[in-house]
>>> print(open('entry_6.txt').read())   # compact mmCIF, C-alpha atoms
# COMPACT_ATOMS: atom_id res chain seq x y z
CA MET A 643 137.78 131.69 78.74
CA LEU A 644 134.85 129.38 79.32
CA GLY A 645 135.45 126.00 77.71
CA THR A 646 134.00 122.51 77.94
CA GLN A 647 136.93 120.91 79.80
CA PHE A 648 135.25 121.55 83.11
CA THR A 649 137.12 121.66 86.41
CA THR A 650 135.92 122.22 89.97
CA GLY A 651 134.04 125.53 90.12
CA SER A 652 133.56 125.88 86.35
CA PRO A 653 130.11 126.88 85.11
CA SER A 654 129.29 123.53 83.53
CA TRP A 655 125.52 123.73 82.93
CA ILE A 656 122.73 126.29 82.68
CA ASP A 657 119.03 125.78 82.56
CA LEU A 658 115.94 127.93 82.36
CA GLY A 659 112.96 127.36 84.61
CA SER A 660 109.87 128.64 82.84
CA PRO A 661 106.11 128.62 83.45
CA ASP A 662 105.63 128.16 79.69
CA THR A 663 108.31 125.91 78.24
CA GLU A 664 106.72 125.86 74.79
CA ALA A 665 106.79 129.66 74.54
CA ALA A 666 110.35 129.74 75.92
CA ALA A 667 111.54 127.19 73.35
CA ALA A 668 110.01 129.27 70.56
CA PHE A 669 111.53 132.51 71.87
CA TYR A 670 115.09 131.23 72.22
CA GLY A 671 114.75 129.45 68.89
CA ALA A 672 113.94 132.78 67.24
CA VAL A 673 116.51 134.85 69.15
CA LEU A 674 119.50 132.48 69.40
CA GLY A 675 118.67 129.86 66.79
CA TRP A 676 118.43 127.03 69.32
CA GLU A 677 116.49 123.82 68.78
CA PHE A 678 114.69 122.22 71.73
CA ARG A 679 114.87 118.46 72.24
CA SER A 680 112.90 116.76 75.00
CA ALA A 681 114.82 114.55 77.41
CA GLY A 682 111.95 112.05 77.24
CA PRO A 683 108.68 111.31 79.04
CA GLU A 684 110.44 110.40 82.29
CA ALA A 685 112.11 113.85 82.47
CA GLY A 686 108.97 115.77 83.46
CA GLY A 687 109.07 118.25 80.58
CA TYR A 688 112.81 118.90 80.86
CA GLY A 689 114.88 119.02 77.70
CA PHE A 690 117.90 120.45 75.93
CA PHE A 691 118.57 123.52 73.82
CA GLN A 692 120.88 122.45 71.03
CA GLN A 693 123.00 124.01 68.31
CA ASP A 694 124.08 121.68 65.49
CA GLY A 695 123.10 118.73 67.72
CA ARG A 696 125.27 119.91 70.64
CA THR A 697 123.71 120.90 73.96
CA VAL A 698 124.21 124.60 74.80
CA ALA A 699 121.59 125.00 77.59
CA ALA A 700 118.51 123.30 79.01
CA LEU A 701 114.88 124.13 79.76
CA GLY A 702 112.28 122.80 82.16
CA PRO A 703 109.11 123.77 84.01
CA LEU A 704 109.26 125.62 87.31
CA THR A 705 109.42 123.08 90.14
CA GLU A 706 110.11 125.10 93.29
CA GLU A 707 107.20 126.68 95.15
CA GLY A 708 107.04 130.42 94.52
CA ALA A 709 109.78 130.28 91.89
CA ARG A 710 110.00 132.90 89.18
CA SER A 711 111.18 132.27 85.66
CA ALA A 712 114.98 132.48 85.72
CA TRP A 713 118.21 131.01 84.43
CA THR A 714 120.24 128.86 86.85
CA VAL A 715 124.01 128.51 86.58
CA TYR A 716 125.48 125.16 87.72
CA PHE A 717 129.06 124.86 88.93
CA GLN A 718 131.00 121.62 88.69
CA THR A 719 131.90 119.73 91.83
CA PRO A 720 133.47 116.31 92.42
CA ASP A 721 131.06 115.76 95.33
CA ALA A 722 127.64 117.46 95.43
CA ASP A 723 126.92 116.30 98.98
CA ALA A 724 130.21 117.67 100.32
CA THR A 725 129.67 121.01 98.52
CA GLN A 726 126.16 121.20 99.95
CA LYS A 727 127.53 120.70 103.49
CA ALA A 728 130.26 123.29 102.91
CA ALA A 729 127.65 125.77 101.63
CA GLU A 730 125.52 125.33 104.75
CA SER A 731 128.54 125.73 107.03
CA ALA A 732 129.58 128.91 105.21
CA GLY A 733 126.19 130.61 105.52
CA GLY A 734 124.45 129.42 102.37
CA THR A 735 121.00 127.83 102.09
CA VAL A 736 120.00 124.47 100.63
CA ARG A 737 116.91 124.75 98.45
CA LEU A 738 117.06 121.22 97.04
CA PRO A 739 119.30 118.66 98.79
CA ALA A 740 121.67 116.64 96.58
CA PHE A 741 119.94 114.02 94.46
CA ASP A 742 120.70 111.84 91.46
CA VAL A 743 119.43 112.91 88.04
CA MET A 744 119.05 109.39 86.66
CA ASP A 745 122.56 108.39 85.51
CA ALA A 746 123.40 111.88 84.21
CA GLY A 747 124.88 113.15 87.48
CA ARG A 748 124.07 114.45 90.93
CA MET A 749 122.95 117.99 91.72
CA ALA A 750 121.97 120.28 94.57
CA ALA A 751 120.21 123.67 94.39
CA LEU A 752 121.69 126.26 96.75
CA THR A 753 121.49 129.97 97.61
CA ASP A 754 124.58 131.96 98.54
CA PRO A 755 124.69 134.25 101.63
CA GLY A 756 123.99 137.26 99.40
CA GLY A 757 120.70 135.75 98.24
CA ALA A 758 121.68 134.62 94.73
CA GLN A 759 120.51 131.17 93.66
CA PHE A 760 122.81 128.66 91.95
CA ALA A 761 123.27 124.91 91.63
CA VAL A 762 126.11 122.41 91.66
CA TRP A 763 126.68 119.51 89.29
CA GLN A 764 128.59 116.30 89.99
CA PRO A 765 128.95 114.71 86.55
CA GLY A 766 127.86 111.20 85.75
CA SER A 767 127.17 110.32 82.13
CA VAL A 768 126.68 114.04 81.37
CA GLN A 769 129.82 116.12 81.88
CA GLY A 770 128.14 119.41 81.09
CA LEU A 771 127.42 121.71 78.16
CA GLU A 772 128.80 120.53 74.83
CA ARG A 773 129.54 123.95 73.33
CA THR A 774 130.46 127.31 74.92
CA SER A 775 132.24 130.57 74.03
CA SER A 776 131.08 130.57 70.41
CA THR A 777 128.24 132.44 68.71
CA ASN A 778 124.88 131.97 70.49
CA THR A 779 126.35 129.97 73.39
CA LEU A 780 127.28 130.72 77.00
CA VAL A 781 130.37 132.90 77.22
CA TRP A 782 130.28 134.49 80.71
CA ALA A 783 128.45 134.21 84.05
CA GLU A 784 127.95 137.28 86.19
CA LEU A 785 126.90 137.60 89.83
CA HIS A 786 125.11 140.66 91.19
CA VAL A 787 125.09 140.91 95.00
CA ALA A 788 125.14 143.70 97.60
CA ALA A 789 128.37 142.57 99.31
CA PRO A 790 130.68 141.09 96.64
CA GLU A 791 133.73 140.44 98.85
CA ALA A 792 131.76 138.55 101.52
CA VAL A 793 129.94 136.45 98.95
CA LEU A 794 133.13 135.71 97.02
CA ALA A 795 134.68 134.40 100.25
CA PHE A 796 131.76 131.94 100.40
CA TYR A 797 132.44 130.69 96.87
CA ARG A 798 136.15 130.46 97.57
CA THR A 799 135.31 128.08 100.44
CA LEU A 800 133.26 125.93 98.05
CA PHE A 801 135.38 126.00 94.89
CA GLY A 802 138.70 127.75 95.57
CA TRP A 803 137.85 130.59 93.18
CA ARG A 804 140.34 133.39 92.58
CA TRP A 805 139.46 136.93 91.53
CA ALA A 806 141.06 140.13 90.34
CA GLU A 807 139.66 143.62 90.77
CA MET A 808 139.07 145.76 87.70
CA GLU A 809 137.91 149.35 87.80
CA ALA A 810 134.78 149.95 85.75
CA PRO A 811 132.67 153.11 85.38
CA GLY A 812 131.28 153.87 88.83
CA MET A 813 132.16 150.50 90.35
CA THR A 814 134.78 147.87 91.12
CA TYR A 815 134.30 144.77 89.01
CA ARG A 816 135.80 141.46 90.08
CA VAL A 817 136.81 138.93 87.42
CA ILE A 818 136.56 135.40 88.80
CA SER A 819 138.58 132.34 87.82
CA THR A 820 138.65 128.69 88.77
CA ALA A 821 141.33 127.49 91.21
CA ASP A 822 143.72 125.90 88.73
CA GLY A 823 145.84 127.14 85.85
CA ASP A 824 146.67 130.62 84.60
CA GLN A 825 144.28 133.02 86.34
CA GLU A 826 143.40 135.01 83.23
CA ASP A 827 142.93 131.90 81.07
CA ALA A 828 140.77 130.33 83.80
CA SER A 829 138.44 133.33 84.10
CA PHE A 830 134.79 132.59 83.37
CA GLY A 831 132.75 135.37 84.95
CA GLY A 832 132.54 138.40 87.15
CA VAL A 833 130.91 139.94 90.19
CA ALA A 834 129.25 143.35 90.25
CA GLU A 835 127.55 145.27 93.02
CA LEU A 836 123.80 144.84 93.02
CA GLN A 837 121.93 147.60 91.16
CA GLY A 838 118.37 146.30 91.43
CA LYS A 839 116.49 144.51 94.18
CA THR A 840 117.14 140.85 93.45
CA PRO A 841 120.59 139.23 93.84
CA HIS A 842 121.19 136.84 90.97
CA TRP A 843 123.52 135.13 88.53
CA ILE A 844 122.97 136.16 84.91
CA PRO A 845 124.25 134.22 81.88
CA TYR A 846 125.84 136.04 78.94
CA PHE A 847 125.49 134.56 75.47
CA ALA A 848 127.93 135.51 72.71
CA VAL A 849 126.24 137.03 69.66
CA GLU A 850 127.36 138.53 66.37
CA ASP A 851 125.27 141.70 66.83
CA ALA A 852 123.95 142.77 70.24
CA ASP A 853 121.66 145.45 68.79
CA ALA A 854 120.07 143.09 66.27
CA THR A 855 119.61 140.41 68.94
CA ALA A 856 117.86 142.95 71.20
CA ARG A 857 115.50 143.90 68.36
CA THR A 858 114.76 140.24 67.64
CA ALA A 859 114.05 139.63 71.32
CA GLN A 860 111.58 142.53 71.39
CA GLY A 861 109.95 141.34 68.20
CA ASN A 862 109.34 137.94 69.78
CA GLY A 863 107.74 139.13 73.02
CA GLY A 864 110.87 139.79 75.06
CA SER A 865 112.02 143.09 76.55
CA VAL A 866 115.19 145.16 76.73
CA LEU A 867 116.36 145.73 80.31
CA MET A 868 119.49 147.63 79.27
CA PRO A 869 120.03 148.80 75.68
CA ALA A 870 123.17 147.72 73.87
CA ALA A 871 126.25 149.63 75.05
CA ASP A 872 129.98 149.40 74.45
CA ILE A 873 132.18 148.28 77.35
CA PRO A 874 135.87 149.14 76.69
CA ASP A 875 138.06 146.06 76.04
CA VAL A 876 135.04 143.77 76.57
CA GLY A 877 132.59 144.33 73.75
CA ARG A 878 129.01 145.45 73.22
CA ILE A 879 126.44 144.12 75.68
CA ALA A 880 122.69 144.28 76.16
CA TRP A 881 120.49 143.00 78.98
CA LEU A 882 117.28 141.34 77.89
CA ALA A 883 114.37 139.39 79.34
CA ASP A 884 112.36 136.62 77.71
CA PRO A 885 108.53 136.78 77.51
CA CYS A 886 108.21 135.19 80.97
CA GLY A 887 110.59 137.71 82.53
CA ALA A 888 113.79 135.64 82.85
CA PRO A 889 116.77 138.01 82.49
CA PHE A 890 119.81 137.21 80.38
CA ALA A 891 122.54 139.17 78.64
CA VAL A 892 124.17 139.10 75.23
CA LEU A 893 127.71 140.10 74.33
CA LYS A 894 129.38 140.84 71.05
CA PRO A 895 132.97 140.29 72.18
CA ALA A 896 135.55 142.93 71.35
CA PRO A 897 138.08 141.74 68.74
CA MET A 898 141.04 139.98 70.32
CA GLY A 899 144.01 142.31 69.92
>>> encode(input="entry_6.txt", output="structure tokens")
Amino acid sequence: MLGTQFTTGSPSWIDLGSPDTEAAAAFYGAVLGWEFRSAGPEAGGYGFFQQDGRTVAALGPLTEEGARSAWTVYFQTPDADATQKAAESAGGTVRLPAFDVMDAGRMAALTDPGGAQFAVWQPGSVQGLERTSSTNTLVWAELHVAAPEAVLAFYRTLFGWRWAEMEAPGMTYRVISTADGDQEDASFGGVAELQGKTPHWIPYFAVEDADATARTAQGNGGSVLMPAADIPDVGRIAWLADPCGAPFAVLKPAPMG
């Protein structure tokens, strides 16, 4: 279960890079009820999506050359520089070397050997997201790559992740957990074999009604990549994209038995 008591390897932050931050703020406001608050003039257009005054995600303009609109998942580390070095040694790529984000923390932007982009966060004054695993907040992070086992070995080197295989229709799904604590309680995401062309991490947001959220997304300029469907023992999910093409997923969790 994804919480806000972050440990090494936890998804602790997510942000959206968008070519039109104003349109993105309006879209997610309509679909997930978020309010956008600028981080100030010195932040270069970056700011926070909030729910009841608590940060649930962030938004900023695209800064990398050739970048497409996408969500980035950040994983907590006690030492961004050391994680960056470990990533390079294990076959990953450094897109942005570790740097300080004012006094908030230190980050590096990386790409795993399978081609999926992610980032790491060494907390300073900002520990991470202030609300998760409740309605309209981050509840799961999912990786889609062509060679799951090889890429998971890379992440294990960085964060000590554990995983358990689960048979799903037509595929083997791997549920990933942080290094410490009960493995099931520490699970926060999964890995699936790549179906499309682009390896990526995709955030899942918990919603009360996946079908209604998909309709609202379409009505506000977004698109449905995969219509809402029931996944046994998980819940009802839909894959969506915002008006600038950034994919994300929504999940109405199955009742806890």
>>> atom_distance(input="entry_6.txt", atom1="CA of Pro683 (chain A)", atom2="CA of Gly695 (chain A)")
19.8 Å
>>> closest_residue(input="entry_6.txt", among="A:Tyr815, A:Trp763, A:Trp843, A:Phe669", to="Thr649 (chain A)", atoms="all atoms listed in the file")
A:Trp763
>>> closest_residue(input="entry_6.txt", among="A:Ala810, A:Leu752, A:Ile656, A:Ala728", to="Ile873 (chain A)", atoms="all atoms listed in the file")
A:Ala810
>>> residues_around(input="entry_6.txt", residues="region 739-749 of chain A", least_positions_apart="2", cutoff="7 Å", atoms="all atoms listed in the file", output="list of chain:residue names")
A:Ala722, A:Asp723, A:Val736, A:Arg737, A:Ala751, A:Ala761, A:Val762, A:Trp763, A:Gln764, A:Pro765, A:Gly766, A:Ser767, A:Val768
>>> residues_around(input="entry_6.txt", residues="Asp822 (chain A)", least_positions_apart="3", cutoff="12 Å", atoms="only C-alpha atoms", output="number ranges by chain")
A: 648-652, 801-804, 818-819, 825-829
>>> closest_residue(input="entry_6.txt", among="A:Val715, A:Ala806, A:Met813, A:Leu836", to="Gly757 (chain A)", atoms="all atoms listed in the file")
A:Leu836
>>> closest_residue(input="entry_6.txt", among="A:Phe847, A:Tyr797, A:Trp676, A:Trp805", to="Ser776 (chain A)", atoms="all atoms listed in the file")
A:Phe847
>>> residues_around(input="entry_6.txt", residues="Gly756 (chain A)", least_positions_apart="2", cutoff="6 Å", atoms="only C-alpha atoms", output="number ranges by chain")
A: 754, 758, 787
>>> atom_distance(input="entry_6.txt", atom1="CA of Pro845 (chain A)", atom2="CA of Arg773 (chain A)")
14.4 Å
>>> closest_residue(input="entry_6.txt", among="A:Val866, A:Ala788, A:Met643, A:Asp884", to="Gly838 (chain A)", atoms="all atoms listed in the file")
A:Ala788
>>> atom_distance(input="entry_6.txt", atom1="CA of Leu704 (chain A)", atom2="CA of Gly689 (chain A)")
12.9 Å
>>> closest_residue(input="entry_6.txt", among="A:Pro895, A:Gly708, A:Gly659, A:Gly864", to="Trp881 (chain A)", atoms="only C-alpha atoms")
A:Gly864
>>> residues_around(input="entry_6.txt", residues="Ser680 (chain A)", least_positions_apart="2", cutoff="7 Å", atoms="all atoms listed in the file", output="ChimeraX atom specification")
/A:678,682,687-690
>>> residues_near_point(input="entry_6.txt", point="(119.1, 147.8, 72.8)", cutoff="9 Å", atoms="only C-alpha atoms", output="PDB file with C-alpha atoms, in the frame of the given file")
ATOM      1  CA  ALA A 852     123.950 142.770  70.240  1.00  0.00           C
ATOM      2  CA  ASP A 853     121.660 145.450  68.790  1.00  0.00           C
ATOM      3  CA  ALA A 854     120.070 143.090  66.270  1.00  0.00           C
ATOM      4  CA  THR A 855     119.610 140.410  68.940  1.00  0.00           C
ATOM      5  CA  ALA A 856     117.860 142.950  71.200  1.00  0.00           C
ATOM      6  CA  ARG A 857     115.500 143.900  68.360  1.00  0.00           C
ATOM      7  CA  VAL A 866     115.190 145.160  76.730  1.00  0.00           C
ATOM      8  CA  LEU A 867     116.360 145.730  80.310  1.00  0.00           C
ATOM      9  CA  MET A 868     119.490 147.630  79.270  1.00  0.00           C
ATOM     10  CA  PRO A 869     120.030 148.800  75.680  1.00  0.00           C
ATOM     11  CA  ALA A 870     123.170 147.720  73.870  1.00  0.00           C
ATOM     12  CA  ALA A 871     126.250 149.630  75.050  1.00  0.00           C
ATOM     13  CA  ILE A 879     126.440 144.120  75.680  1.00  0.00           C
ATOM     14  CA  ALA A 880     122.690 144.280  76.160  1.00  0.00           C
ATOM     15  CA  TRP A 881     120.490 143.000  78.980  1.00  0.00           C
ATOM     16  CA  LEU A 882     117.280 141.340  77.890  1.00  0.00           C
TER      17      LEU A 882
END
>>> residues_around(input="entry_6.txt", residues="Leu785 (chain A)", least_positions_apart="4", cutoff="8 Å", atoms="all atoms listed in the file", output="list in words")
Ala758, Gly831, Gly832, Val833, Ala834, Pro841, His842, Trp843 and Ile844 of chain A
